[in-house]
Each structure stands twice: as structure tokens, then as C-alpha cells.
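Quick notes on the structure that follows.
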Amino acid sequence: LPGTQHRDGLRPQDLHDADDLFAADPSLRWEPRVTIPLRAGDCTFHSGLTGHMALPNRTDMARLAHVNIYMDAATAYSGAAHVVTDGLGLAAGDRLDGETFPRPWA
């Protein structure tokens, strides 16, 4: 959903529920959409704040994905639960760096 990365106040989306983004903001249901067909091995780059989804995997084979999250080098842990930081023993204010958060240019 182009431009949705600029919206304020949306809660994190439950990626297991295809309708959750529209439950968070019902007006998004009527926003113009762009479909980007991807084949096995293709990739896409977009802001993690952009409303997006993939159709369900209707095959018997697993759909594997690799996700890179790019952030400012000074980013600090907020203390909020997140699949990437859960279980790392971080305290609010800790910088996200080190082996778990490598810098590609270092």
C-alpha cells in the first residue's frame, strides 16, 4: 500500500492474520494497491512500515524467506517486545549492535 509508511500511530501488524492491517486502520482497505509479482529467488525492498502482504502458500512445500532490517547505527532498544530482540537479554536503551546486528559497511 504505497505511502502507508508515512502514517502515524499504527500498531504493529499481526502477520498471521491477513485482515489485521485493515482492522488496525479500516480506511486502508480502500487505498490504492500495487501488486508486485515475485517468483522463487526474487526479492523486494520496502520500508517495514509500508503495509504489505503475500498471498498464502497453497503448496505442500515450505516458503522460505530471508529478511534484512536496516536501521540507523545509533538505534537503541526501546524495551518493546519484537521477534528480533525477544530473548536477547537487552535492556531499554541498549544499542543494537554487535554480532547480532552487524554493520554491512564495517
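Here's how to read the names in the C-alpha cells: chain A, B, ... by the order shown, residue numbers from 1 in each chain, ligand numbers from 1 in the order shown.
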Test item: residues at most 12 Å from Val84 in chain A, only C-alpha atoms, excluding those fewer than 3 positions along its chain, as a short mmCIF file (atom, residue, chain, number, x, y, z; two decimals) with N, CA and C atoms, in the first residue's frame:
data_model
loop_
_atom_site.label_atom_id
_atom_site.label_comp_id
_atom_site.auth_asym_id
_atom_site.auth_seq_id
_atom_site.Cartn_x
_atom_site.Cartn_y
_atom_site.Cartn_z
N VAL A 67 14.94 -12.09 5.68
CA VAL A 67 14.59 -10.69 5.92
C VAL A 67 15.81 -9.96 6.47
N ASN A 68 16.12 -8.82 5.88
CA ASN A 68 17.14 -7.92 6.41
C ASN A 68 16.43 -6.67 6.88
N ILE A 69 16.76 -6.24 8.08
CA ILE A 69 16.20 -5.00 8.60
C ILE A 69 17.34 -4.00 8.73
N TYR A 77 17.48 -0.16 21.69
CA TYR A 77 16.35 -1.00 22.03
C TYR A 77 15.35 -0.21 22.86
N ALA A 80 10.37 -2.66 23.98
CA ALA A 80 9.15 -3.31 23.50
C ALA A 80 9.46 -4.70 22.94
N ALA A 81 8.50 -5.60 23.08
CA ALA A 81 8.66 -6.95 22.53
C ALA A 81 8.76 -6.88 21.01
N GLY A 87 14.34 -12.40 23.75
CA GLY A 87 15.28 -13.44 24.16
C GLY A 87 16.75 -13.05 24.10
N LEU A 88 17.05 -11.82 23.74
CA LEU A 88 18.44 -11.39 23.65
C LEU A 88 18.96 -10.79 24.95
N GLY A 89 18.09 -10.63 25.95
CA GLY A 89 18.53 -10.07 27.23
C GLY A 89 18.86 -8.60 27.17
N LEU A 90 18.26 -7.87 26.24
CA LEU A 90 18.52 -6.44 26.11
C LEU A 90 17.73 -5.65 27.14
N LEU A 96 21.65 -1.44 19.48
CA LEU A 96 21.51 -2.66 18.67
C LEU A 96 22.73 -2.75 17.77
N THR A 100 24.91 -9.80 16.51
CA THR A 100 23.51 -10.00 16.14
C THR A 100 23.02 -8.91 15.19
N PHE A 101 23.60 -7.74 15.26
CA PHE A 101 23.20 -6.59 14.45
C PHE A 101 24.42 -6.05 13.70
#
| Excluding same-chain residues fewer than 5 positions from range 36-44 of chain A, what lies within 10 Å of it counting only C-alpha atoms, as a list in words? | Ala54, Arg63, Leu64, Ala65, His66 and Val67 of chain A
Mind writing the picked residues with all heavy atoms as a PDB file, in the first residue's frame?
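Dumped to part_11.pdb:
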ATOM      1  N   ALA A  54       1.657 -11.004   1.527  1.00  0.00           N
ATOM      2  CA  ALA A  54       1.805 -12.002   0.469  1.00  0.00           C
ATOM      3  C   ALA A  54       0.593 -12.922   0.539  1.00  0.00           C
ATOM      4  O   ALA A  54       0.005 -13.109   1.603  1.00  0.00           O
ATOM      5  CB  ALA A  54       3.088 -12.803   0.666  1.00  0.00           C
ATOM      6  N   ARG A  63       7.602 -22.222   2.300  1.00  0.00           N
ATOM      7  CA  ARG A  63       8.016 -20.973   1.664  1.00  0.00           C
ATOM      8  C   ARG A  63       9.044 -20.339   2.592  1.00  0.00           C
ATOM      9  O   ARG A  63       8.732 -19.942   3.705  1.00  0.00           O
ATOM     10  CB  ARG A  63       6.840 -20.031   1.476  1.00  0.00           C
ATOM     11  CG  ARG A  63       7.265 -18.702   0.854  1.00  0.00           C
ATOM     12  CD  ARG A  63       6.155 -17.682   0.873  1.00  0.00           C
ATOM     13  NE  ARG A  63       5.098 -18.039  -0.044  1.00  0.00           N
ATOM     14  CZ  ARG A  63       3.879 -17.501  -0.006  1.00  0.00           C
ATOM     15  NH1 ARG A  63       3.571 -16.614   0.913  1.00  0.00           N
ATOM     16  NH2 ARG A  63       2.959 -17.849  -0.871  1.00  0.00           N
ATOM     17  N   LEU A  64      10.262 -20.255   2.134  1.00  0.00           N
ATOM     18  CA  LEU A  64      11.335 -19.694   2.944  1.00  0.00           C
ATOM     19  C   LEU A  64      11.543 -18.241   2.572  1.00  0.00           C
ATOM     20  O   LEU A  64      11.416 -17.856   1.410  1.00  0.00           O
ATOM     21  CB  LEU A  64      12.632 -20.480   2.724  1.00  0.00           C
ATOM     22  CG  LEU A  64      12.553 -21.984   3.012  1.00  0.00           C
ATOM     23  CD1 LEU A  64      13.868 -22.657   2.679  1.00  0.00           C
ATOM     24  CD2 LEU A  64      12.165 -22.237   4.451  1.00  0.00           C
ATOM     25  N   ALA A  65      11.866 -17.455   3.551  1.00  0.00           N
ATOM     26  CA  ALA A  65      12.129 -16.034   3.311  1.00  0.00           C
ATOM     27  C   ALA A  65      13.327 -15.615   4.142  1.00  0.00           C
ATOM     28  O   ALA A  65      13.585 -16.152   5.215  1.00  0.00           O
ATOM     29  CB  ALA A  65      10.917 -15.190   3.693  1.00  0.00           C
ATOM     30  N   HIS A  66      14.067 -14.672   3.636  1.00  0.00           N
ATOM     31  CA  HIS A  66      15.185 -14.087   4.362  1.00  0.00           C
ATOM     32  C   HIS A  66      14.901 -12.600   4.480  1.00  0.00           C
ATOM     33  O   HIS A  66      14.621 -11.942   3.478  1.00  0.00           O
ATOM     34  CB  HIS A  66      16.502 -14.319   3.625  1.00  0.00           C
ATOM     35  CG  HIS A  66      17.678 -13.809   4.369  1.00  0.00           C
ATOM     36  ND1 HIS A  66      18.277 -14.524   5.378  1.00  0.00           N
ATOM     37  CD2 HIS A  66      18.348 -12.646   4.290  1.00  0.00           C
ATOM     38  CE1 HIS A  66      19.275 -13.824   5.880  1.00  0.00           C
ATOM     39  NE2 HIS A  66      19.338 -12.672   5.231  1.00  0.00           N
ATOM     40  N   VAL A  67      14.936 -12.088   5.679  1.00  0.00           N
ATOM     41  CA  VAL A  67      14.594 -10.691   5.921  1.00  0.00           C
ATOM     42  C   VAL A  67      15.807  -9.962   6.466  1.00  0.00           C
ATOM     43  O   VAL A  67      16.463 -10.441   7.395  1.00  0.00           O
ATOM     44  CB  VAL A  67      13.420 -10.584   6.933  1.00  0.00           C
ATOM     45  CG1 VAL A  67      13.111  -9.138   7.249  1.00  0.00           C
ATOM     46  CG2 VAL A  67      12.199 -11.303   6.399  1.00  0.00           C
TER      47      VAL A  67
END
| field | Interatomic distance, CA of Gly3 in chain A to CA of Thr50 in chain A (Å, one decimal) | value | 7.0 Å
| Residues of chain A in alpha helix (DSSP H) according to DSSP, as a VMD selection string? | chain A and resid 20 to 24
Export N, CA and C atoms of the chosen residues as a CSV table (one decimal), in the first residue's frame?
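Wrote it out as part-v5.csv, contents follow:
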chain,number,residue,atom,x,y,z
A,20,ASP,N,-5.5,-8.2,9.6
A,20,ASP,CA,-5.2,-7.4,10.7
A,20,ASP,C,-4.9,-5.9,10.4
A,21,LEU,N,-4.2,-5.7,9.3
A,21,LEU,CA,-3.8,-4.3,9.0
A,21,LEU,C,-5.1,-3.5,8.8
A,22,PHE,N,-6.1,-4.1,8.2
A,22,PHE,CA,-7.4,-3.3,8.0
A,22,PHE,C,-8.2,-3.2,9.2
A,23,ALA,N,-8.0,-4.1,10.2
A,23,ALA,CA,-8.6,-4.0,11.5
A,23,ALA,C,-7.9,-2.8,12.2
A,24,ALA,N,-6.6,-2.6,12.1
A,24,ALA,CA,-5.9,-1.5,12.7
A,24,ALA,C,-6.3,-0.2,12.2
| Separation of CA of Ser78 in chain A from CA of Asp19 in chain A in Å |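 According to the coordinates, CA of Asp19 in chain A and CA of Ser78 in chain A are separated by 27.0 Å.
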| Got a sec: who's within 12 Å of Pro32 in chain A, counting only C-alpha atoms, leaving out chain neighbours fewer than 3 positions off, as a PyMOL selection string? | chain A and resi 1-4+27-29+35+51
Save the residues we just selected, N, CA, C and O atoms, as a JSON list (two decimals), in the first residue's frame?
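In the end it all went to selection-v3.json:
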[["chain", "number", "residue", "atom", "x", "y", "z"],
["A", 1, "LEU", "N", 0.86, -1.17, 0.00],
["A", 1, "LEU", "CA", 0.00, 0.00, 0.00],
["A", 1, "LEU", "C", 0.90, 1.23, 0.00],
["A", 1, "LEU", "O", 1.38, 1.64, 1.06],
["A", 2, "PRO", "N", 1.20, 1.78, -1.18],
["A", 2, "PRO", "CA", 2.12, 2.90, -1.28],
["A", 2, "PRO", "C", 1.75, 4.06, -0.36],
["A", 2, "PRO", "O", 0.59, 4.42, -0.23],
["A", 3, "GLY", "N", 2.76, 4.61, 0.30],
["A", 3, "GLY", "CA", 2.57, 5.77, 1.16],
["A", 3, "GLY", "C", 2.21, 5.44, 2.60],
["A", 3, "GLY", "O", 2.27, 6.30, 3.47],
["A", 4, "THR", "N", 1.86, 4.19, 2.88],
["A", 4, "THR", "CA", 1.44, 3.86, 4.25],
["A", 4, "THR", "C", 2.59, 3.95, 5.24],
["A", 4, "THR", "O", 2.35, 4.06, 6.44],
["A", 27, "SER", "N", -9.64, 2.37, 7.04],
["A", 27, "SER", "CA", -9.56, 3.20, 5.83],
["A", 27, "SER", "C", -8.54, 2.66, 4.83],
["A", 27, "SER", "O", -8.63, 2.94, 3.63],
["A", 28, "LEU", "N", -7.58, 1.87, 5.29],
["A", 28, "LEU", "CA", -6.56, 1.32, 4.39],
["A", 28, "LEU", "C", -7.14, 0.34, 3.38],
["A", 28, "LEU", "O", -6.58, 0.14, 2.32],
["A", 29, "ARG", "N", -8.29, -0.24, 3.70],
["A", 29, "ARG", "CA", -8.92, -1.20, 2.80],
["A", 29, "ARG", "C", -9.21, -0.56, 1.44],
["A", 29, "ARG", "O", -9.26, -1.23, 0.42],
["A", 35, "THR", "N", 0.49, -4.36, -6.99],
["A", 35, "THR", "CA", 0.85, -5.77, -6.92],
["A", 35, "THR", "C", 2.20, -5.96, -7.59],
["A", 35, "THR", "O", 2.41, -5.52, -8.72],
["A", 51, "GLY", "N", 2.47, -0.92, 4.57],
["A", 51, "GLY", "CA", 1.51, -2.01, 4.63],
["A", 51, "GLY", "C", 1.73, -2.93, 3.45],
["A", 51, "GLY", "O", 1.74, -2.50, 2.30]]
| Residue nearest Gln13 in chain A - candidates A:Arg33, A:His52, A:Pro26, A:His46, atoms counted: only C-alpha atoms |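 The answer is A:His52, which sits nearest to Gln13 in chain A.
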| request: Do a neighbour search on Asp72 in chain A at 10 Å with only C-alpha atoms, toss out local chain neighbours closer than 3 positions, and write the hits as a PyMOL selection string. | output: chain A and resi 75-76+96+103
| task | Would you work out the distance separating CA of Thr85 in chain A from CA of Asp97 in chain A, expressed in Å to one decimal? | result |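 According to the coordinates, CA of Thr85 in chain A and CA of Asp97 in chain A are separated by 11.5 Å.
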| task | Rank nothing, just name the residue among A:Trp105, A:Pro56, A:Ala91, A:Val83 nearest to Tyr70 in chain A, using only C-alpha atoms. | result |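 Residue with the minimum atom-to-atom distance to Tyr70 in chain A: A:Trp105.
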